[in-house]
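S.K.: Before we start, here is the structure in question, set down as structure tokens.
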There are 2 protein chains.
Amino acid sequence: MSDRPVIRPLPAIDRARQVTDALADYIKSAQLKAGDRLPAERELMSALMVGRSTIREAIRHFQALGVIETRKGSGTYLLKPVSKATIHMPLSLDTGHLRDALLQTLEVRRGIECEACMVAARKRTDTDLVLIEQNLNEMERVHIEKGTSGPEDLAFHLAIYDATHNPLFRQLLEQMRETFWQFWEHPFEREDFARRSFPFHRTLFNAIAAQDVEAAREETLKILDVVEEDIKEMSK
Amino acid sequence: MSDRPVIRPLPAIDRARQVTDALADYIKSAQLKAGDRLPAERELMSALMVGRSTIREAIRHFQALGVIETRKGSGTYLLKPVSKATIHMPLSLDTGHLRDALLQTLEVRRGIECEACMVAARKRTDTDLVLIEQNLNEMERVHIEKGTSGPEDLAFHLAIYDATHNPLFRQLLEQMRETFWQFWEHPFEREDFARRSFPFHRTLFNAIAAQDVEAAREETLKILDVVEEDIKEMSK
DNA sequence: TCGACCAAATTGGTCTGACATCTTAGCATT
DNA sequence: AATGCTAAGATGTCAGACCAATTTGGTCGA
């Protein structure tokens, strides 16, 4: 009588995982690092005792997950280390306009980045603090020298995320950046943005150094407010 | 002189996208909704004028992204609507122990859920409020009746996320739940959890109703603290 | 008439083989 | 020594065949 049975008999996690798991095992057992080249498809074929099409589909799986990159005529390369214990969390954001997507993403970033800085302020070790300060100094140096400091700004923030000792923060924020860099030149590259957000980076560092959780949150919000201004101005 | 050129010649978004884009176009143009069945591989083959292996690899792509499900002998089915404008953001969390993964995920959820409730408190319309209250009443009713209220609790939170008018919040949190439900029975199902987190849901609703942003944040934190207790107790 | 059972058609899963296209490295020529 | 070319090797694609699971339709029997 039910025209669309919601309850599936749940074969659930099925055979498709077998080959991808086998490939993940192979990558793990071979101790492959990011940037390394995987064996050729015909080698994996005989190594895993399966046909080439099966190998290719497993490769496509990890390619869709952003773990692997294939270059025609050259080979397939590992972008991020992976093991069978890796948990994949694919997200799909369907939006008509890029401006909306950027603003929506920024709202989420407010939550994640503030929490990351708060956790970093709470959990940071002295070693973390040294790394963060090094990146901050380098960023300020390049900023005075060249006017912009895109890569150095990114490195500073990544150092903070690493201080949370929670890899998920870095994963999430790095992925959000990479995803949207395909469509939009990030304001970090612009001189105007660097100038306006400049002072807040030092105050953010001071808050993390003093382990002042609330201050870390407020300084992060100030930086993101500058980003929001840029998005609204740029895409109108 | 550089032994590992960081700068890639950037074929970047290459040919692999062509077929997947074509498949996304096909899905969009055919007005397929979630749950619908896609044409058979052999039909898509002739429809898109490509070989079957190419079709299969495109299907594997969307399958890895959690958009499509294939059932042997039956067909391939759409799980989530997709268009060419869909932006995919795959995440990989590599962790040795499930307990660590859950706690790390919880830290991120603190950031996202708090922000979602804050945004909801700010942006909610009266229509949103009615929907949230309906779900809250239903949840309390079932709780009194059965002792637990797993699905109703989820529906309540989803209604809040929808009140943000930002689909990314719901996407992110739904995906985090789905991902980890494969490995762990969520405490929402447990009577103990429902009892302890019970009062905070009503206060959270009141905060959103009053558009009190700070209160919404604090009540959300209280709920998540209960979750944290459960994770720490459950996995020791 | 209704239910159970069976067989054929349909569909995804896999393997094999072949060819095209691109990359890379080594060789030969200048 | 620098340059250009060729061949080997890699991925990308197509075609055809067969297997395994599901679905569907019809037949048979109670």
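Labels used: A, B, ... for chains in the order of the structure tokens, numbers from 1 for residues in each chain, and numbers from 1 for ligands as shown.
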Output chain A as a PDB file with C-alpha atoms, in the first residue's frame, after least-squares fitting it to chain B on all in-order C-alpha pairs.

M.R.:
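And here is the file that came out, superposed-v2.pdb:
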ATOM      1  CA  MET A   1      67.502  21.997  -9.683  1.00  0.00           C
ATOM      2  CA  SER A   2      64.228  21.870  -7.772  1.00  0.00           C
ATOM      3  CA  ASP A   3      63.681  18.215  -7.014  1.00  0.00           C
ATOM      4  CA  ARG A   4      59.938  18.637  -6.581  1.00  0.00           C
ATOM      5  CA  PRO A   5      58.390  21.480  -8.568  1.00  0.00           C
ATOM      6  CA  VAL A   6      55.486  22.791  -6.501  1.00  0.00           C
ATOM      7  CA  ILE A   7      54.089  24.834  -9.343  1.00  0.00           C
ATOM      8  CA  ARG A   8      51.910  22.682 -11.503  1.00  0.00           C
ATOM      9  CA  PRO A   9      51.220  23.775 -15.087  1.00  0.00           C
ATOM     10  CA  LEU A  10      47.597  23.681 -13.937  1.00  0.00           C
ATOM     11  CA  PRO A  11      45.457  21.802 -16.358  1.00  0.00           C
ATOM     12  CA  ALA A  12      43.492  22.045 -13.108  1.00  0.00           C
ATOM     13  CA  ILE A  13      39.826  21.434 -13.783  1.00  0.00           C
ATOM     14  CA  ASP A  14      40.139  19.098 -16.708  1.00  0.00           C
ATOM     15  CA  ARG A  15      38.233  16.666 -18.816  1.00  0.00           C
ATOM     16  CA  ALA A  16      37.081  14.524 -15.961  1.00  0.00           C
ATOM     17  CA  ARG A  17      34.527  17.208 -15.245  1.00  0.00           C
ATOM     18  CA  GLN A  18      33.017  17.022 -18.706  1.00  0.00           C
ATOM     19  CA  VAL A  19      31.183  13.763 -18.215  1.00  0.00           C
ATOM     20  CA  THR A  20      30.237  14.437 -14.605  1.00  0.00           C
ATOM     21  CA  ASP A  21      28.967  17.852 -15.631  1.00  0.00           C
ATOM     22  CA  ALA A  22      27.011  16.247 -18.427  1.00  0.00           C
ATOM     23  CA  LEU A  23      25.477  13.820 -15.951  1.00  0.00           C
ATOM     24  CA  ALA A  24      24.637  16.693 -13.596  1.00  0.00           C
ATOM     25  CA  ASP A  25      23.057  18.532 -16.482  1.00  0.00           C
ATOM     26  CA  TYR A  26      21.035  15.472 -17.361  1.00  0.00           C
ATOM     27  CA  ILE A  27      19.812  15.118 -13.794  1.00  0.00           C
ATOM     28  CA  LYS A  28      18.897  18.779 -13.660  1.00  0.00           C
ATOM     29  CA  SER A  29      17.193  18.874 -17.044  1.00  0.00           C
ATOM     30  CA  ALA A  30      15.253  15.721 -16.246  1.00  0.00           C
ATOM     31  CA  GLN A  31      13.957  17.401 -13.080  1.00  0.00           C
ATOM     32  CA  LEU A  32      14.963  14.433 -10.947  1.00  0.00           C
ATOM     33  CA  LYS A  33      14.174  14.655  -7.245  1.00  0.00           C
ATOM     34  CA  ALA A  34      15.673  12.831  -4.295  1.00  0.00           C
ATOM     35  CA  GLY A  35      14.674   9.186  -4.355  1.00  0.00           C
ATOM     36  CA  ASP A  36      14.066   9.062  -8.090  1.00  0.00           C
ATOM     37  CA  ARG A  37      15.707   6.402 -10.192  1.00  0.00           C
ATOM     38  CA  LEU A  38      18.194   7.385 -12.850  1.00  0.00           C
ATOM     39  CA  PRO A  39      18.032   5.874 -16.331  1.00  0.00           C
ATOM     40  CA  ALA A  40      19.924   2.624 -16.748  1.00  0.00           C
ATOM     41  CA  GLU A  41      23.604   2.848 -17.591  1.00  0.00           C
ATOM     42  CA  ARG A  42      22.995   1.597 -21.124  1.00  0.00           C
ATOM     43  CA  GLU A  43      20.360   4.283 -21.645  1.00  0.00           C
ATOM     44  CA  LEU A  44      22.591   7.059 -20.312  1.00  0.00           C
ATOM     45  CA  MET A  45      25.275   5.594 -22.561  1.00  0.00           C
ATOM     46  CA  SER A  46      23.379   6.336 -25.733  1.00  0.00           C
ATOM     47  CA  ALA A  47      21.772   9.475 -24.321  1.00  0.00           C
ATOM     48  CA  LEU A  48      25.111  11.109 -23.540  1.00  0.00           C
ATOM     49  CA  MET A  49      26.886   9.453 -26.492  1.00  0.00           C
ATOM     50  CA  VAL A  50      29.674   7.933 -24.416  1.00  0.00           C
ATOM     51  CA  GLY A  51      30.778   4.454 -23.502  1.00  0.00           C
ATOM     52  CA  ARG A  52      29.445   2.579 -20.521  1.00  0.00           C
ATOM     53  CA  SER A  53      32.681   2.711 -18.558  1.00  0.00           C
ATOM     54  CA  THR A  54      32.660   6.492 -18.779  1.00  0.00           C
ATOM     55  CA  ILE A  55      29.116   6.611 -17.444  1.00  0.00           C
ATOM     56  CA  ARG A  56      30.008   4.247 -14.639  1.00  0.00           C
ATOM     57  CA  GLU A  57      32.970   6.381 -13.594  1.00  0.00           C
ATOM     58  CA  ALA A  58      30.806   9.498 -13.517  1.00  0.00           C
ATOM     59  CA  ILE A  59      28.302   7.593 -11.373  1.00  0.00           C
ATOM     60  CA  ARG A  60      31.119   6.514  -9.067  1.00  0.00           C
ATOM     61  CA  HIS A  61      32.081  10.160  -8.763  1.00  0.00           C
ATOM     62  CA  PHE A  62      28.680  11.213  -7.449  1.00  0.00           C
ATOM     63  CA  GLN A  63      28.477   8.038  -5.398  1.00  0.00           C
ATOM     64  CA  ALA A  64      31.651   9.006  -3.571  1.00  0.00           C
ATOM     65  CA  LEU A  65      30.147  12.424  -2.956  1.00  0.00           C
ATOM     66  CA  GLY A  66      27.111  10.833  -1.353  1.00  0.00           C
ATOM     67  CA  VAL A  67      24.764  12.137  -4.001  1.00  0.00           C
ATOM     68  CA  ILE A  68      23.883   8.829  -5.645  1.00  0.00           C
ATOM     69  CA  GLU A  69      23.259   5.298  -4.456  1.00  0.00           C
ATOM     70  CA  THR A  70      23.544   2.236  -6.674  1.00  0.00           C
ATOM     71  CA  ARG A  71      21.741  -1.008  -5.953  1.00  0.00           C
ATOM     72  CA  LYS A  72      22.928  -4.044  -7.815  1.00  0.00           C
ATOM     73  CA  GLY A  73      20.293  -5.502 -10.050  1.00  0.00           C
ATOM     74  CA  SER A  74      17.913  -2.639  -9.384  1.00  0.00           C
ATOM     75  CA  GLY A  75      19.344   0.662 -10.569  1.00  0.00           C
ATOM     76  CA  THR A  76      20.938   3.893  -9.418  1.00  0.00           C
ATOM     77  CA  TYR A  77      18.978   6.289  -7.258  1.00  0.00           C
ATOM     78  CA  LEU A  78      19.333   9.953  -6.429  1.00  0.00           C
ATOM     79  CA  LEU A  79      19.848  10.705  -2.744  1.00  0.00           C
ATOM     80  CA  LYS A  80      20.128  14.488  -2.999  1.00  0.00           C
ATOM     81  CA  PRO A  81      19.202  16.807  -5.820  1.00  0.00           C
ATOM     82  CA  VAL A  82      22.210  18.017  -7.774  1.00  0.00           C
ATOM     83  CA  SER A  83      22.903  20.482 -10.520  1.00  0.00           C
ATOM     84  CA  LYS A  84      25.933  21.744 -12.399  1.00  0.00           C
ATOM     85  CA  ALA A  85      26.074  24.664  -9.954  1.00  0.00           C
ATOM     86  CA  THR A  86      26.580  22.316  -7.025  1.00  0.00           C
ATOM     87  CA  ILE A  87      29.835  22.929  -5.207  1.00  0.00           C
ATOM     88  CA  HIS A  88      31.383  19.870  -3.612  1.00  0.00           C
ATOM     89  CA  MET A  89      33.545  20.139  -0.526  1.00  0.00           C
ATOM     90  CA  PRO A  90      34.934  16.717   0.372  1.00  0.00           C
ATOM     91  CA  LEU A  91      36.416  16.243   3.828  1.00  0.00           C
ATOM     92  CA  SER A  92      38.679  13.491   5.050  1.00  0.00           C
ATOM     93  CA  LEU A  93      39.266  12.980   8.731  1.00  0.00           C
ATOM     94  CA  ASP A  94      42.048  10.568   9.443  1.00  0.00           C
ATOM     95  CA  THR A  95      42.011   9.347  12.997  1.00  0.00           C
ATOM     96  CA  GLY A  96      43.131   6.265  14.777  1.00  0.00           C
ATOM     97  CA  HIS A  97      40.525   6.125  17.498  1.00  0.00           C
ATOM     98  CA  LEU A  98      36.809   6.641  17.224  1.00  0.00           C
ATOM     99  CA  ARG A  99      36.640   8.339  20.615  1.00  0.00           C
ATOM    100  CA  ASP A 100      39.066  11.021  19.490  1.00  0.00           C
ATOM    101  CA  ALA A 101      37.154  11.503  16.266  1.00  0.00           C
ATOM    102  CA  LEU A 102      33.907  11.959  18.178  1.00  0.00           C
ATOM    103  CA  LEU A 103      35.393  14.501  20.570  1.00  0.00           C
ATOM    104  CA  GLN A 104      37.083  16.378  17.749  1.00  0.00           C
ATOM    105  CA  THR A 105      33.834  16.430  15.854  1.00  0.00           C
ATOM    106  CA  LEU A 106      32.052  17.720  18.923  1.00  0.00           C
ATOM    107  CA  GLU A 107      34.445  20.653  19.186  1.00  0.00           C
ATOM    108  CA  VAL A 108      33.613  21.630  15.629  1.00  0.00           C
ATOM    109  CA  ARG A 109      29.918  21.093  16.280  1.00  0.00           C
ATOM    110  CA  ARG A 110      30.132  23.541  19.163  1.00  0.00           C
ATOM    111  CA  GLY A 111      31.165  26.215  16.710  1.00  0.00           C
ATOM    112  CA  ILE A 112      28.705  25.359  13.977  1.00  0.00           C
ATOM    113  CA  GLU A 113      25.635  24.582  16.075  1.00  0.00           C
ATOM    114  CA  CYS A 114      26.033  27.631  18.281  1.00  0.00           C
ATOM    115  CA  GLU A 115      26.400  29.853  15.257  1.00  0.00           C
ATOM    116  CA  ALA A 116      23.410  28.161  13.596  1.00  0.00           C
ATOM    117  CA  CYS A 117      21.205  28.809  16.627  1.00  0.00           C
ATOM    118  CA  MET A 118      22.444  32.385  16.856  1.00  0.00           C
ATOM    119  CA  VAL A 119      21.751  33.024  13.196  1.00  0.00           C
ATOM    120  CA  ALA A 120      18.376  31.343  13.562  1.00  0.00           C
ATOM    121  CA  ALA A 121      17.532  33.592  16.492  1.00  0.00           C
ATOM    122  CA  ARG A 122      18.433  36.617  14.398  1.00  0.00           C
ATOM    123  CA  LYS A 123      16.914  35.675  11.069  1.00  0.00           C
ATOM    124  CA  ARG A 124      13.944  33.519  11.988  1.00  0.00           C
ATOM    125  CA  THR A 125      10.551  34.416  10.572  1.00  0.00           C
ATOM    126  CA  ASP A 126       7.272  33.742  12.332  1.00  0.00           C
ATOM    127  CA  THR A 127       6.703  30.842   9.959  1.00  0.00           C
ATOM    128  CA  ASP A 128      10.008  29.293  11.007  1.00  0.00           C
ATOM    129  CA  LEU A 129       9.052  29.706  14.657  1.00  0.00           C
ATOM    130  CA  VAL A 130       5.782  27.855  14.155  1.00  0.00           C
ATOM    131  CA  LEU A 131       7.590  24.928  12.540  1.00  0.00           C
ATOM    132  CA  ILE A 132      10.174  24.781  15.302  1.00  0.00           C
ATOM    133  CA  GLU A 133       7.497  24.827  17.995  1.00  0.00           C
ATOM    134  CA  GLN A 134       5.529  22.079  16.270  1.00  0.00           C
ATOM    135  CA  ASN A 135       8.606  19.870  16.266  1.00  0.00           C
ATOM    136  CA  LEU A 136       9.331  20.732  19.885  1.00  0.00           C
ATOM    137  CA  ASN A 137       5.809  19.824  20.982  1.00  0.00           C
ATOM    138  CA  GLU A 138       5.938  16.576  19.035  1.00  0.00           C
ATOM    139  CA  MET A 139       9.294  15.780  20.598  1.00  0.00           C
ATOM    140  CA  GLU A 140       8.023  16.405  24.127  1.00  0.00           C
ATOM    141  CA  ARG A 141       4.895  14.365  23.461  1.00  0.00           C
ATOM    142  CA  VAL A 142       6.834  11.358  22.221  1.00  0.00           C
ATOM    143  CA  HIS A 143       9.328  11.722  25.032  1.00  0.00           C
ATOM    144  CA  ILE A 144       6.600  11.520  27.694  1.00  0.00           C
ATOM    145  CA  GLU A 145       4.978   8.626  25.852  1.00  0.00           C
ATOM    146  CA  LYS A 146       7.961   6.450  24.976  1.00  0.00           C
ATOM    147  CA  GLY A 147      10.810   7.729  27.113  1.00  0.00           C
ATOM    148  CA  THR A 148      13.024   8.342  24.082  1.00  0.00           C
ATOM    149  CA  SER A 149      12.621  10.685  21.137  1.00  0.00           C
ATOM    150  CA  GLY A 150      15.464  10.195  18.692  1.00  0.00           C
ATOM    151  CA  PRO A 151      13.934  11.090  15.315  1.00  0.00           C
ATOM    152  CA  GLU A 152      11.815  13.868  16.831  1.00  0.00           C
ATOM    153  CA  ASP A 153      14.848  15.421  18.505  1.00  0.00           C
ATOM    154  CA  LEU A 154      16.629  15.426  15.150  1.00  0.00           C
ATOM    155  CA  ALA A 155      13.618  17.001  13.447  1.00  0.00           C
ATOM    156  CA  PHE A 156      13.575  19.773  16.054  1.00  0.00           C
ATOM    157  CA  HIS A 157      17.187  20.661  15.445  1.00  0.00           C
ATOM    158  CA  LEU A 158      16.795  20.480  11.672  1.00  0.00           C
ATOM    159  CA  ALA A 159      13.898  22.916  11.907  1.00  0.00           C
ATOM    160  CA  ILE A 160      16.219  25.338  13.687  1.00  0.00           C
ATOM    161  CA  TYR A 161      18.900  24.931  11.019  1.00  0.00           C
ATOM    162  CA  ASP A 162      16.334  25.637   8.320  1.00  0.00           C
ATOM    163  CA  ALA A 163      15.404  28.849  10.156  1.00  0.00           C
ATOM    164  CA  THR A 164      18.894  30.152   9.399  1.00  0.00           C
ATOM    165  CA  HIS A 165      17.916  30.287   5.715  1.00  0.00           C
ATOM    166  CA  ASN A 166      21.410  28.986   5.028  1.00  0.00           C
ATOM    167  CA  PRO A 167      21.384  25.462   3.578  1.00  0.00           C
ATOM    168  CA  LEU A 168      25.042  24.943   4.433  1.00  0.00           C
ATOM    169  CA  PHE A 169      24.274  24.624   8.145  1.00  0.00           C
ATOM    170  CA  ARG A 170      21.847  21.778   7.596  1.00  0.00           C
ATOM    171  CA  GLN A 171      24.153  20.145   5.064  1.00  0.00           C
ATOM    172  CA  LEU A 172      27.141  20.188   7.384  1.00  0.00           C
ATOM    173  CA  LEU A 173      25.417  18.971  10.502  1.00  0.00           C
ATOM    174  CA  GLU A 174      23.325  16.350   8.719  1.00  0.00           C
ATOM    175  CA  GLN A 175      26.444  15.016   7.038  1.00  0.00           C
ATOM    176  CA  MET A 176      28.353  14.873  10.298  1.00  0.00           C
ATOM    177  CA  ARG A 177      25.512  12.928  11.878  1.00  0.00           C
ATOM    178  CA  GLU A 178      25.168  10.503   8.979  1.00  0.00           C
ATOM    179  CA  THR A 179      28.889   9.917   8.815  1.00  0.00           C
ATOM    180  CA  PHE A 180      29.241   8.998  12.439  1.00  0.00           C
ATOM    181  CA  TRP A 181      26.043   7.038  12.739  1.00  0.00           C
ATOM    182  CA  GLN A 182      27.850   4.385  10.743  1.00  0.00           C
ATOM    183  CA  PHE A 183      30.096   3.841  13.714  1.00  0.00           C
ATOM    184  CA  TRP A 184      28.225   4.925  16.780  1.00  0.00           C
ATOM    185  CA  GLU A 185      24.683   4.847  18.098  1.00  0.00           C
ATOM    186  CA  HIS A 186      24.005   8.443  18.864  1.00  0.00           C
ATOM    187  CA  PRO A 187      23.037   9.337  22.441  1.00  0.00           C
ATOM    188  CA  PHE A 188      19.825  10.870  21.150  1.00  0.00           C
ATOM    189  CA  GLU A 189      18.562   7.330  21.095  1.00  0.00           C
ATOM    190  CA  ARG A 190      19.282   6.751  24.759  1.00  0.00           C
ATOM    191  CA  GLU A 191      16.693   7.403  27.437  1.00  0.00           C
ATOM    192  CA  ASP A 192      19.274   8.844  29.785  1.00  0.00           C
ATOM    193  CA  PHE A 193      20.376  11.436  27.282  1.00  0.00           C
ATOM    194  CA  ALA A 194      16.853  12.479  26.435  1.00  0.00           C
ATOM    195  CA  ARG A 195      16.027  13.001  30.084  1.00  0.00           C
ATOM    196  CA  ARG A 196      19.041  15.144  30.840  1.00  0.00           C
ATOM    197  CA  SER A 197      18.926  17.283  27.721  1.00  0.00           C
ATOM    198  CA  PHE A 198      15.159  17.613  27.844  1.00  0.00           C
ATOM    199  CA  PRO A 199      14.726  20.974  29.603  1.00  0.00           C
ATOM    200  CA  PHE A 200      17.323  22.782  27.501  1.00  0.00           C
ATOM    201  CA  HIS A 201      15.346  22.290  24.311  1.00  0.00           C
ATOM    202  CA  ARG A 202      12.437  24.339  25.605  1.00  0.00           C
ATOM    203  CA  THR A 203      14.732  27.100  26.854  1.00  0.00           C
ATOM    204  CA  LEU A 204      16.548  27.098  23.508  1.00  0.00           C
ATOM    205  CA  PHE A 205      13.241  27.537  21.750  1.00  0.00           C
ATOM    206  CA  ASN A 206      12.316  30.422  24.050  1.00  0.00           C
ATOM    207  CA  ALA A 207      15.620  32.133  23.273  1.00  0.00           C
ATOM    208  CA  ILE A 208      15.035  31.821  19.532  1.00  0.00           C
ATOM    209  CA  ALA A 209      11.462  33.004  19.937  1.00  0.00           C
ATOM    210  CA  ALA A 210      12.658  36.082  21.864  1.00  0.00           C
ATOM    211  CA  GLN A 211      15.440  36.560  19.300  1.00  0.00           C
ATOM    212  CA  ASP A 212      17.908  36.592  22.163  1.00  0.00           C
ATOM    213  CA  VAL A 213      21.134  35.672  20.351  1.00  0.00           C
ATOM    214  CA  GLU A 214      23.364  35.243  23.379  1.00  0.00           C
ATOM    215  CA  ALA A 215      20.829  33.106  25.234  1.00  0.00           C
ATOM    216  CA  ALA A 216      20.480  30.884  22.172  1.00  0.00           C
ATOM    217  CA  ARG A 217      24.218  30.325  22.248  1.00  0.00           C
ATOM    218  CA  GLU A 218      24.273  29.448  25.912  1.00  0.00           C
ATOM    219  CA  GLU A 219      21.395  26.980  25.726  1.00  0.00           C
ATOM    220  CA  THR A 220      23.001  25.251  22.753  1.00  0.00           C
ATOM    221  CA  LEU A 221      26.226  24.920  24.716  1.00  0.00           C
ATOM    222  CA  LYS A 222      24.323  23.252  27.563  1.00  0.00           C
ATOM    223  CA  ILE A 223      22.887  20.632  25.201  1.00  0.00           C
ATOM    224  CA  LEU A 224      26.310  19.919  23.712  1.00  0.00           C
ATOM    225  CA  ASP A 225      27.799  19.582  27.181  1.00  0.00           C
ATOM    226  CA  VAL A 226      25.412  16.715  27.803  1.00  0.00           C
ATOM    227  CA  VAL A 227      26.554  15.114  24.547  1.00  0.00           C
ATOM    228  CA  GLU A 228      30.171  15.471  25.617  1.00  0.00           C
ATOM    229  CA  GLU A 229      29.470  13.744  28.916  1.00  0.00           C
ATOM    230  CA  ASP A 230      27.913  10.850  27.068  1.00  0.00           C
ATOM    231  CA  ILE A 231      30.802  10.468  24.658  1.00  0.00           C
ATOM    232  CA  LYS A 232      33.332  10.444  27.446  1.00  0.00           C
ATOM    233  CA  GLU A 233      31.345   7.972  29.473  1.00  0.00           C
ATOM    234  CA  MET A 234      30.386   5.682  26.653  1.00  0.00           C
ATOM    235  CA  SER A 235      33.778   5.079  25.147  1.00  0.00           C
ATOM    236  CA  LYS A 236      35.833   4.525  28.235  1.00  0.00           C
TER     237      LYS A 236
END

S.K.: Specify as number ranges by chain all residues of chain D found within 10 Å of chain A, counting only C-alpha atoms (C1' of nucleotides).

M.R.: D: 9-12

S.K.: Given the selection you just returned, output its residues as a file containing all heavy atoms, formatted as an mmCIF file, in the first residue's frame.

M.R.:
data_model
loop_
_atom_site.group_PDB
_atom_site.id
_atom_site.type_symbol
_atom_site.label_atom_id
_atom_site.label_comp_id
_atom_site.auth_asym_id
_atom_site.auth_seq_id
_atom_site.Cartn_x
_atom_site.Cartn_y
_atom_site.Cartn_z
ATOM 1 P P DG D 9 58.018 0.025 -21.638
ATOM 2 O OP1 DG D 9 58.884 -0.675 -20.682
ATOM 3 O OP2 DG D 9 57.177 -0.721 -22.592
ATOM 4 O "O5'" DG D 9 57.072 1.017 -20.808
ATOM 5 C "C5'" DG D 9 57.649 2.114 -20.082
ATOM 6 C "C4'" DG D 9 56.572 3.085 -19.641
ATOM 7 O "O4'" DG D 9 56.113 3.868 -20.777
ATOM 8 C "C3'" DG D 9 55.316 2.432 -19.038
ATOM 9 O "O3'" DG D 9 54.949 3.123 -17.862
ATOM 10 C "C2'" DG D 9 54.273 2.610 -20.130
ATOM 11 C "C1'" DG D 9 54.700 3.937 -20.741
ATOM 12 N N9 DG D 9 54.217 4.156 -22.092
ATOM 13 C C8 DG D 9 54.241 3.281 -23.149
ATOM 14 N N7 DG D 9 53.723 3.780 -24.241
ATOM 15 C C5 DG D 9 53.337 5.057 -23.880
ATOM 16 C C6 DG D 9 52.709 6.078 -24.654
ATOM 17 O O6 DG D 9 52.367 6.053 -25.832
ATOM 18 N N1 DG D 9 52.487 7.224 -23.890
ATOM 19 C C2 DG D 9 52.830 7.371 -22.570
ATOM 20 N N2 DG D 9 52.546 8.543 -22.002
ATOM 21 N N3 DG D 9 53.424 6.424 -21.846
ATOM 22 C C4 DG D 9 53.629 5.308 -22.559
ATOM 23 P P DA D 10 54.010 2.357 -16.805
ATOM 24 O OP1 DA D 10 54.745 2.307 -15.532
ATOM 25 O OP2 DA D 10 53.506 1.113 -17.429
ATOM 26 O "O5'" DA D 10 52.751 3.325 -16.641
ATOM 27 C "C5'" DA D 10 52.931 4.636 -16.110
ATOM 28 C "C4'" DA D 10 51.866 5.572 -16.643
ATOM 29 O "O4'" DA D 10 52.055 5.707 -18.066
ATOM 30 C "C3'" DA D 10 50.434 5.050 -16.503
ATOM 31 O "O3'" DA D 10 49.877 5.487 -15.273
ATOM 32 C "C2'" DA D 10 49.717 5.762 -17.644
ATOM 33 C "C1'" DA D 10 50.824 6.091 -18.638
ATOM 34 N N9 DA D 10 50.689 5.363 -19.909
ATOM 35 C C8 DA D 10 51.073 4.081 -20.188
ATOM 36 N N7 DA D 10 50.837 3.699 -21.420
ATOM 37 C C5 DA D 10 50.240 4.805 -21.989
ATOM 38 C C6 DA D 10 49.746 5.061 -23.274
ATOM 39 N N6 DA D 10 49.774 4.157 -24.267
ATOM 40 N N1 DA D 10 49.215 6.275 -23.510
ATOM 41 C C2 DA D 10 49.185 7.171 -22.518
ATOM 42 N N3 DA D 10 49.628 7.051 -21.270
ATOM 43 C C4 DA D 10 50.149 5.832 -21.070
ATOM 44 P P DT D 11 48.424 4.950 -14.874
ATOM 45 O OP1 DT D 11 48.317 5.162 -13.428
ATOM 46 O OP2 DT D 11 48.274 3.612 -15.442
ATOM 47 O "O5'" DT D 11 47.398 5.932 -15.612
ATOM 48 C "C5'" DT D 11 47.414 7.315 -15.319
ATOM 49 C "C4'" DT D 11 46.636 8.087 -16.372
ATOM 50 O "O4'" DT D 11 47.030 7.648 -17.685
ATOM 51 C "C3'" DT D 11 45.114 7.904 -16.310
ATOM 52 O "O3'" DT D 11 44.482 9.162 -16.493
ATOM 53 C "C2'" DT D 11 44.813 6.956 -17.459
ATOM 54 C "C1'" DT D 11 45.885 7.371 -18.454
ATOM 55 N N1 DT D 11 46.210 6.300 -19.423
ATOM 56 C C2 DT D 11 46.023 6.530 -20.766
ATOM 57 O O2 DT D 11 45.605 7.586 -21.210
ATOM 58 N N3 DT D 11 46.347 5.472 -21.584
ATOM 59 C C4 DT D 11 46.835 4.240 -21.203
ATOM 60 O O4 DT D 11 47.090 3.379 -22.023
ATOM 61 C C5 DT D 11 47.005 4.067 -19.775
ATOM 62 C C7 DT D 11 47.533 2.774 -19.247
ATOM 63 C C6 DT D 11 46.694 5.083 -18.972
ATOM 64 P P DG D 12 42.862 9.232 -16.459
ATOM 65 O OP1 DG D 12 42.491 10.601 -16.055
ATOM 66 O OP2 DG D 12 42.392 8.073 -15.686
ATOM 67 O "O5'" DG D 12 42.431 9.029 -17.975
ATOM 68 C "C5'" DG D 12 42.585 10.116 -18.892
ATOM 69 C "C4'" DG D 12 41.712 9.904 -20.132
ATOM 70 O "O4'" DG D 12 42.303 8.846 -20.928
ATOM 71 C "C3'" DG D 12 40.276 9.460 -19.827
ATOM 72 O "O3'" DG D 12 39.372 10.165 -20.675
ATOM 73 C "C2'" DG D 12 40.288 7.977 -20.115
ATOM 74 C "C1'" DG D 12 41.328 7.874 -21.224
ATOM 75 N N9 DG D 12 42.019 6.578 -21.267
ATOM 76 C C8 DG D 12 42.587 5.921 -20.211
ATOM 77 N N7 DG D 12 43.129 4.775 -20.543
ATOM 78 C C5 DG D 12 42.895 4.675 -21.908
ATOM 79 C C6 DG D 12 43.249 3.657 -22.827
ATOM 80 O O6 DG D 12 43.852 2.604 -22.620
ATOM 81 N N1 DG D 12 42.813 3.958 -24.119
ATOM 82 C C2 DG D 12 42.133 5.091 -24.477
ATOM 83 N N2 DG D 12 41.804 5.200 -25.761
ATOM 84 N N3 DG D 12 41.804 6.049 -23.630
ATOM 85 C C4 DG D 12 42.217 5.780 -22.363
#

S.K.: Skip DA30 in chain D itself and residues of its chain fewer than 6 positions away, then list as a PyMOL selection string all residues within 10 Å of it, counting only C-alpha atoms (C1' of nucleotides).

M.R.: chain C and resi 2-4

S.K.: Output as a list in words the set of chain C residues within 9 Å of chain B, with distances taken over only C-alpha atoms (C1' of nucleotides).

M.R.: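 Here they are: DT10, DT11, DG12 and DG13 of chain C.
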